[in-house]
$ cat run03.cif   # mmCIF, C-alpha atoms
data_work
#
loop_
_atom_site.label_atom_id
_atom_site.label_comp_id
_atom_site.auth_asym_id
_atom_site.auth_seq_id
_atom_site.Cartn_x
_atom_site.Cartn_y
_atom_site.Cartn_z
CA MET A 30 -11.84 -5.13 -26.50
CA ASP A 31 -9.13 -5.47 -23.84
CA LEU A 32 -5.67 -3.96 -24.18
CA ALA A 33 -4.06 -7.39 -24.22
CA GLU A 34 -6.15 -8.35 -27.25
CA ILE A 35 -5.32 -5.13 -29.09
CA TYR A 36 -1.55 -5.30 -28.71
CA GLY A 37 -1.07 -9.02 -28.20
CA ILE A 38 0.17 -8.52 -24.64
CA GLU A 39 0.10 -11.44 -22.24
CA VAL A 40 -1.72 -10.34 -19.09
CA ASN A 41 0.39 -12.68 -16.93
CA ASP A 42 3.57 -11.03 -18.22
CA ILE A 43 2.17 -7.60 -17.31
CA PHE A 44 1.31 -8.76 -13.79
CA ARG A 45 4.74 -10.34 -13.33
CA PHE A 46 6.49 -7.16 -14.40
CA ILE A 47 4.32 -5.10 -12.03
CA ASP A 48 4.94 -7.53 -9.18
CA LEU A 49 8.72 -7.47 -9.64
CA THR A 50 8.79 -3.68 -9.87
CA GLY A 51 6.82 -3.51 -6.64
CA VAL A 52 9.10 -6.05 -4.98
CA LEU A 53 12.14 -3.89 -5.82
CA LEU A 54 10.55 -0.66 -4.59
CA ASN A 55 9.21 -2.18 -1.38
CA GLY A 56 12.53 -3.86 -0.77
CA ILE A 57 14.06 -0.39 -0.85
CA LEU A 58 11.39 0.93 1.54
CA GLY A 59 12.04 -1.95 3.93
CA GLY A 60 15.75 -1.25 3.75
CA LYS A 61 15.19 2.44 4.45
CA LEU A 62 13.33 1.54 7.64
CA ALA A 63 16.21 -0.76 8.62
CA ARG A 64 18.59 2.15 8.09
CA THR A 65 16.60 4.45 10.38
CA LYS A 66 16.61 1.69 13.02
CA HIS A 67 20.39 1.22 12.62
CA PHE A 68 19.99 -2.49 11.87
CA ASP A 69 22.77 -4.64 10.48
CA ALA A 70 22.79 -6.35 7.09
CA VAL A 71 20.53 -9.15 8.35
CA GLY A 72 17.95 -6.59 9.45
CA PHE A 73 18.06 -4.96 6.02
CA VAL A 74 17.46 -8.30 4.33
CA ILE A 75 14.63 -9.40 6.62
CA LEU A 76 12.73 -6.10 6.47
CA ALA A 77 13.19 -5.85 2.71
CA ILE A 78 11.80 -9.36 2.16
CA MET A 79 8.89 -8.82 4.53
CA SER A 80 8.02 -5.46 3.01
CA ALA A 81 8.35 -6.69 -0.57
CA MET A 82 6.63 -10.07 -0.36
CA GLY A 83 4.65 -10.25 2.88
CA GLY A 84 1.33 -9.06 1.48
CA GLY A 85 1.47 -11.34 -1.55
CA ILE A 86 2.41 -14.37 0.54
CA VAL A 87 -0.48 -13.74 2.95
CA ARG A 88 -2.85 -13.38 -0.02
CA ASP A 89 -1.71 -16.59 -1.70
CA VAL A 90 -1.87 -18.57 1.55
CA MET A 91 -5.42 -17.36 2.17
CA LEU A 92 -6.46 -18.23 -1.38
CA GLN A 93 -4.99 -21.74 -0.97
CA HIS A 94 -4.17 -21.96 -4.66
CA GLY A 95 -0.77 -23.63 -4.53
CA PRO A 96 2.49 -22.28 -3.02
CA PRO A 97 2.89 -18.49 -2.87
CA VAL A 98 4.29 -17.10 -6.11
CA ALA A 99 6.97 -15.21 -4.17
CA LEU A 100 8.43 -18.58 -3.06
CA THR A 101 8.19 -20.44 -6.36
CA ASP A 102 9.77 -17.73 -8.54
CA PRO A 103 13.43 -17.09 -7.55
CA LEU A 104 13.35 -13.63 -9.11
CA TYR A 105 11.12 -12.36 -6.29
CA ILE A 106 13.58 -12.98 -3.47
CA SER A 107 16.50 -11.87 -5.65
CA THR A 108 14.74 -8.60 -6.51
CA ALA A 109 13.90 -7.95 -2.84
CA LEU A 110 17.57 -8.46 -1.97
CA VAL A 111 18.58 -5.97 -4.66
CA GLY A 112 16.24 -3.46 -3.03
CA ALA A 113 17.81 -4.13 0.36
CA GLY A 114 21.27 -3.61 -1.14
CA ILE A 115 20.26 -0.28 -2.69
CA ALA A 116 18.95 0.99 0.65
CA PHE A 117 22.06 -0.36 2.45
CA PHE A 118 24.55 1.52 0.28
CA TRP A 119 22.58 4.69 -0.49
CA LYS A 120 20.53 6.85 1.87
CA LEU A 121 18.13 8.08 -0.83
CA SER A 122 17.23 10.93 1.52
CA SER A 123 17.35 13.87 -0.89
CA ARG A 124 14.16 15.71 -1.78
CA PHE A 125 14.18 14.13 -5.22
CA TRP A 126 14.31 10.60 -3.82
CA ARG A 127 11.67 11.30 -1.19
CA ILE A 128 9.24 12.47 -3.86
CA ALA A 129 10.21 9.65 -6.20
CA LEU A 130 9.65 7.01 -3.52
CA ILE A 131 6.25 8.45 -2.61
CA ILE A 132 5.19 8.30 -6.26
CA ALA A 133 6.64 4.80 -6.64
CA ASP A 134 4.98 3.62 -3.44
CA GLY A 135 1.61 4.90 -4.62
CA THR A 136 2.05 3.23 -8.00
CA VAL A 137 2.89 -0.11 -6.42
CA LEU A 138 0.01 0.30 -3.96
CA GLY A 139 -2.47 0.61 -6.81
CA CYS A 140 -0.91 -2.21 -8.80
CA TRP A 141 -0.83 -4.68 -5.93
CA ALA A 142 -4.35 -3.85 -4.77
CA ALA A 143 -5.62 -4.52 -8.29
CA THR A 144 -3.54 -7.69 -8.63
CA GLY A 145 -4.85 -9.08 -5.35
CA ALA A 146 -8.44 -8.29 -6.27
CA MET A 147 -8.13 -9.86 -9.71
CA LYS A 148 -6.49 -13.06 -8.49
CA THR A 149 -9.27 -13.44 -5.94
CA LEU A 150 -12.00 -12.92 -8.51
CA ALA A 151 -10.30 -15.26 -10.99
CA LEU A 152 -10.52 -18.07 -8.43
CA GLY A 153 -14.26 -17.62 -8.11
CA PHE A 154 -14.50 -15.58 -4.92
CA GLY A 155 -16.90 -12.68 -4.49
CA ILE A 156 -16.54 -8.93 -4.34
CA MET A 157 -15.90 -8.56 -0.59
CA PRO A 158 -13.08 -11.17 -0.50
CA ALA A 159 -11.59 -9.48 -3.58
CA LEU A 160 -11.56 -6.09 -1.85
CA LEU A 161 -10.15 -7.61 1.35
CA LEU A 162 -7.32 -9.44 -0.38
CA GLY A 163 -6.65 -6.50 -2.67
CA ILE A 164 -6.01 -4.33 0.39
CA THR A 165 -4.04 -7.13 2.07
CA THR A 166 -1.77 -7.49 -0.96
CA ALA A 167 -1.12 -3.74 -1.01
CA VAL A 168 -0.54 -3.01 2.69
CA GLY A 169 0.09 -6.41 4.30
CA GLY A 170 3.84 -6.40 3.72
CA GLY A 171 4.20 -2.92 5.18
CA MET A 172 2.22 -3.94 8.27
CA ILE A 173 4.41 -7.00 8.84
CA ARG A 174 7.53 -4.89 8.28
CA ASP A 175 6.44 -2.22 10.77
CA VAL A 176 5.49 -4.72 13.47
CA THR A 177 8.81 -6.56 13.04
CA ALA A 178 10.71 -3.28 13.37
CA GLY A 179 8.80 -2.37 16.54
CA ASN A 180 6.58 0.30 15.00
CA VAL A 181 2.81 0.73 14.98
CA PRO A 182 1.66 -0.08 11.41
CA MET A 183 1.15 3.11 9.45
CA VAL A 184 -2.29 2.03 8.26
CA PHE A 185 -3.64 2.09 11.83
CA GLY A 186 -4.01 5.86 11.83
CA GLY A 187 -2.17 9.10 12.47
CA ASN A 188 -0.62 9.01 8.99
CA ASN A 189 -1.58 10.09 5.51
CA LEU A 190 -4.18 7.96 3.73
CA TYR A 191 -2.77 4.62 2.61
CA ALA A 192 -5.30 1.82 2.94
CA THR A 193 -8.03 4.02 1.44
CA PRO A 194 -6.24 4.42 -1.94
CA ALA A 195 -5.71 0.64 -1.91
CA LEU A 196 -9.45 0.10 -1.39
CA VAL A 197 -10.29 2.45 -4.25
CA SER A 198 -7.80 0.70 -6.56
CA ALA A 199 -9.18 -2.73 -5.66
CA ALA A 200 -12.73 -1.50 -6.28
CA ILE A 201 -11.72 -0.22 -9.74
CA MET A 202 -10.30 -3.63 -10.60
CA VAL A 203 -13.45 -5.39 -9.37
CA LEU A 204 -15.60 -3.14 -11.56
CA LEU A 205 -13.54 -3.48 -14.74
CA TYR A 206 -12.96 -7.19 -14.21
CA SER A 207 -16.71 -7.66 -14.14
CA LEU A 208 -16.84 -5.74 -17.43
CA GLY A 209 -14.26 -8.07 -19.00
CA SER A 210 -11.34 -5.60 -19.07
CA PRO A 211 -8.80 -6.71 -16.42
CA THR A 212 -5.83 -5.07 -18.18
CA TRP A 213 -7.57 -1.72 -18.33
CA GLY A 214 -8.52 -2.29 -14.70
CA MET A 215 -4.85 -2.75 -13.80
CA ILE A 216 -3.84 0.41 -15.66
CA LEU A 217 -6.60 2.58 -14.23
CA ALA A 218 -6.16 1.19 -10.70
CA THR A 219 -2.43 1.92 -10.88
CA VAL A 220 -2.94 5.50 -12.07
CA VAL A 221 -5.67 6.23 -9.51
CA GLY A 222 -3.77 4.57 -6.65
CA SER A 223 -0.62 6.52 -7.44
CA SER A 224 -2.44 9.85 -7.86
CA PHE A 225 -4.54 9.33 -4.74
CA THR A 226 -1.50 8.47 -2.61
CA VAL A 227 0.57 11.40 -3.88
CA VAL A 228 -2.24 13.91 -3.32
CA ALA A 229 -2.89 12.45 0.16
CA HIS A 230 0.78 13.04 1.05
CA TRP A 231 0.76 16.52 -0.46
CA ARG A 232 -2.48 17.60 1.22
CA LYS A 233 -1.80 15.53 4.37
CA TRP A 234 -5.19 13.82 4.20
CA GLN A 235 -5.92 11.59 7.17
CA LEU A 236 -8.90 9.73 8.52
CA PRO A 237 -10.26 11.17 11.80
CA VAL A 238 -8.88 9.36 14.82
CA HIS A 239 -11.08 8.23 17.69
CA SER A 240 -11.31 10.80 20.52
CA ASP A 241 -12.69 8.46 23.22
CA TRP A 242 -16.33 9.50 22.77
CA SER A 243 -19.15 6.97 23.06
CA LEU A 244 -22.83 6.75 22.17
CA ALA A 245 -23.63 6.75 25.90
CA GLU A 246 -22.62 10.42 26.15
CA THR A 247 -25.32 13.06 26.00
CA PRO A 248 -25.19 15.67 23.21
CA ALA A 249 -24.09 18.25 25.77
CA GLN A 250 -21.22 16.07 26.97
CA LEU A 251 -20.10 15.39 23.42
CA LYS A 252 -20.25 19.11 22.58
CA ALA A 253 -18.17 19.93 25.67
CA ARG A 254 -15.59 17.27 24.74
CA LEU A 255 -15.26 18.64 21.20
CA ALA A 256 -14.91 22.20 22.53
CA GLN A 257 -12.18 21.08 24.92
CA ARG A 258 -10.38 19.30 22.13
CA ALA A 259 -10.56 22.44 19.96
CA ARG A 260 -9.02 24.49 22.80
CA GLU A 261 -6.23 21.97 23.30
CA ASN A 262 -5.48 21.75 19.56
CA PRO A 263 -6.23 25.18 18.09
CA GLN A 264 -4.26 24.37 14.91
CA SER A 265 -6.06 21.13 14.16
CA GLY A 266 -9.19 22.65 12.63
CA THR A 267 -12.07 20.49 11.54
CA PRO A 268 -11.12 16.84 11.04
CA ARG A 269 -10.96 15.92 7.37
CA GLU A 270 -13.38 13.34 6.04
CA ASP A 271 -12.02 10.65 3.79
#

$ encode --input "run03.cif" --output "structure tokens"
Amino acid sequence: MDLAEIYGIEVNDIFRFIDLTGVLLNGILGGKLARTKHFDAVGFVILAIMSAMGGGIVRDVMLQHGPPVALTDPLYISTALVGAGIAFFWKLSSRFWRIALIIADGTVLGCWAATGAMKTLALGFGIMPALLLGITTAVGGGMIRDVTAGNVPMVFGGNNLYATPALVSAAIMVLLYSLGSPTWGMILATVVGSSFTVVAHWRKWQLPVHSDWSLAETPAQLKARLAQRARENPQSGTPRED
């Protein structure tokens, strides 16, 4: 039996609460980037809205199931603006806030990945589209925000794992949705996404970046390239596997 049936909870209300919480937190994150770029109030607003709602809007447009929810519900834009205002008036740069925002970001990442996957499955799409749009919901807004601010999107490499926790969270939702427990899927995906993201920041887990090797190289050439790289980066150690 699903959690919603046990406690009489409306699943749509749970998703809406999760969405709005994520909108607020990502609005703050967008505003913090605007602060580091020394943007004016317009920049704060634009980056907050893109960060908070970009992924969901892209998902809803791709699903072609009516107008994006972020545009039909006035609370979404209002909540994003509140996040921009918080980042505009407060730096939130203390150690406490840095840790809190990492935890919050991971929680939202898991929630949005699960929400995107479930909405896709509910409309009759398959597993691969559900995983794709789950990841898009979770990281799409951040990518749009980074590009707009003139940065390389964080998910493209050189940073702690981000898209990978989103993939795991979406996969959890796909599994539990198929078992008839979407609410438990949302809860578990949120917990796993948050924990995965926090541990990745703490342990500095990253995917290996490409080192310009190719399959045309002989084993000896590849071995020489790796040895040279080790000499140039003696502190790097063995690349971590995701």

$ resolve_selection --input "run03.cif" --expression "the PyMOL selection byres ((chain A and resi 57) around 6)" --output "list in words"
Leu54, Asn55, Gly56, Leu58, Gly59, Gly60, Gly112, Ala113 and Ala116 of chain A

$ closest_atom_pairs --input "run03.cif" --of "region 149-206 of chain A" --to "region 231-237 of chain A" --cutoff "12 Å" --atoms "only C-alpha atoms" --output "tab-separated table"
residue	atom	partner	partner_atom	distance
A:Met183	CA	A:Gln235	CA	11.3
A:Val184	CA	A:Leu236	CA	10.2
A:Phe185	CA	A:Leu236	CA	9.8
A:Gly186	CA	A:Leu236	CA	7.1
A:Gly187	CA	A:Gln235	CA	7.0
A:Asn188	CA	A:Gln235	CA	6.2
A:Asn189	CA	A:Gln235	CA	4.9
A:Leu190	CA	A:Gln235	CA	5.3
A:Tyr191	CA	A:Gln235	CA	8.9
A:Ala192	CA	A:Leu236	CA	10.3
A:Thr193	CA	A:Leu236	CA	9.1
A:Pro194	CA	A:Trp234	CA	11.3

$ resolve_selection --input "run03.cif" --expression "the PyMOL selection byres ((chain A and resi 86-100) around 9)" --output "ChimeraX atom specification"
/A:82-85,101-106,145,148-149,152,162-163,165-166,169-170

$ atom_distance --input "run03.cif" --atom1 "CA of Ala142 (chain A)" --atom2 "CA of Ile128 (chain A)"
21.3 Å

$ closest_residue --input "run03.cif" --among "A:Ala70, A:Val227, A:Ala199, A:Met79" --to "Leu160 (chain A)" --atoms "all atoms listed in the file"
A:Ala199

$ atom_distance --input "run03.cif" --atom1 "CA of Pro211 (chain A)" --atom2 "CA of Ala81 (chain A)"
23.4 Å

$ closest_residue --input "run03.cif" --among "A:Phe154, A:Trp141, A:Phe225, A:Phe125" --to "Ala167 (chain A)" --atoms "all atoms listed in the file"
A:Trp141
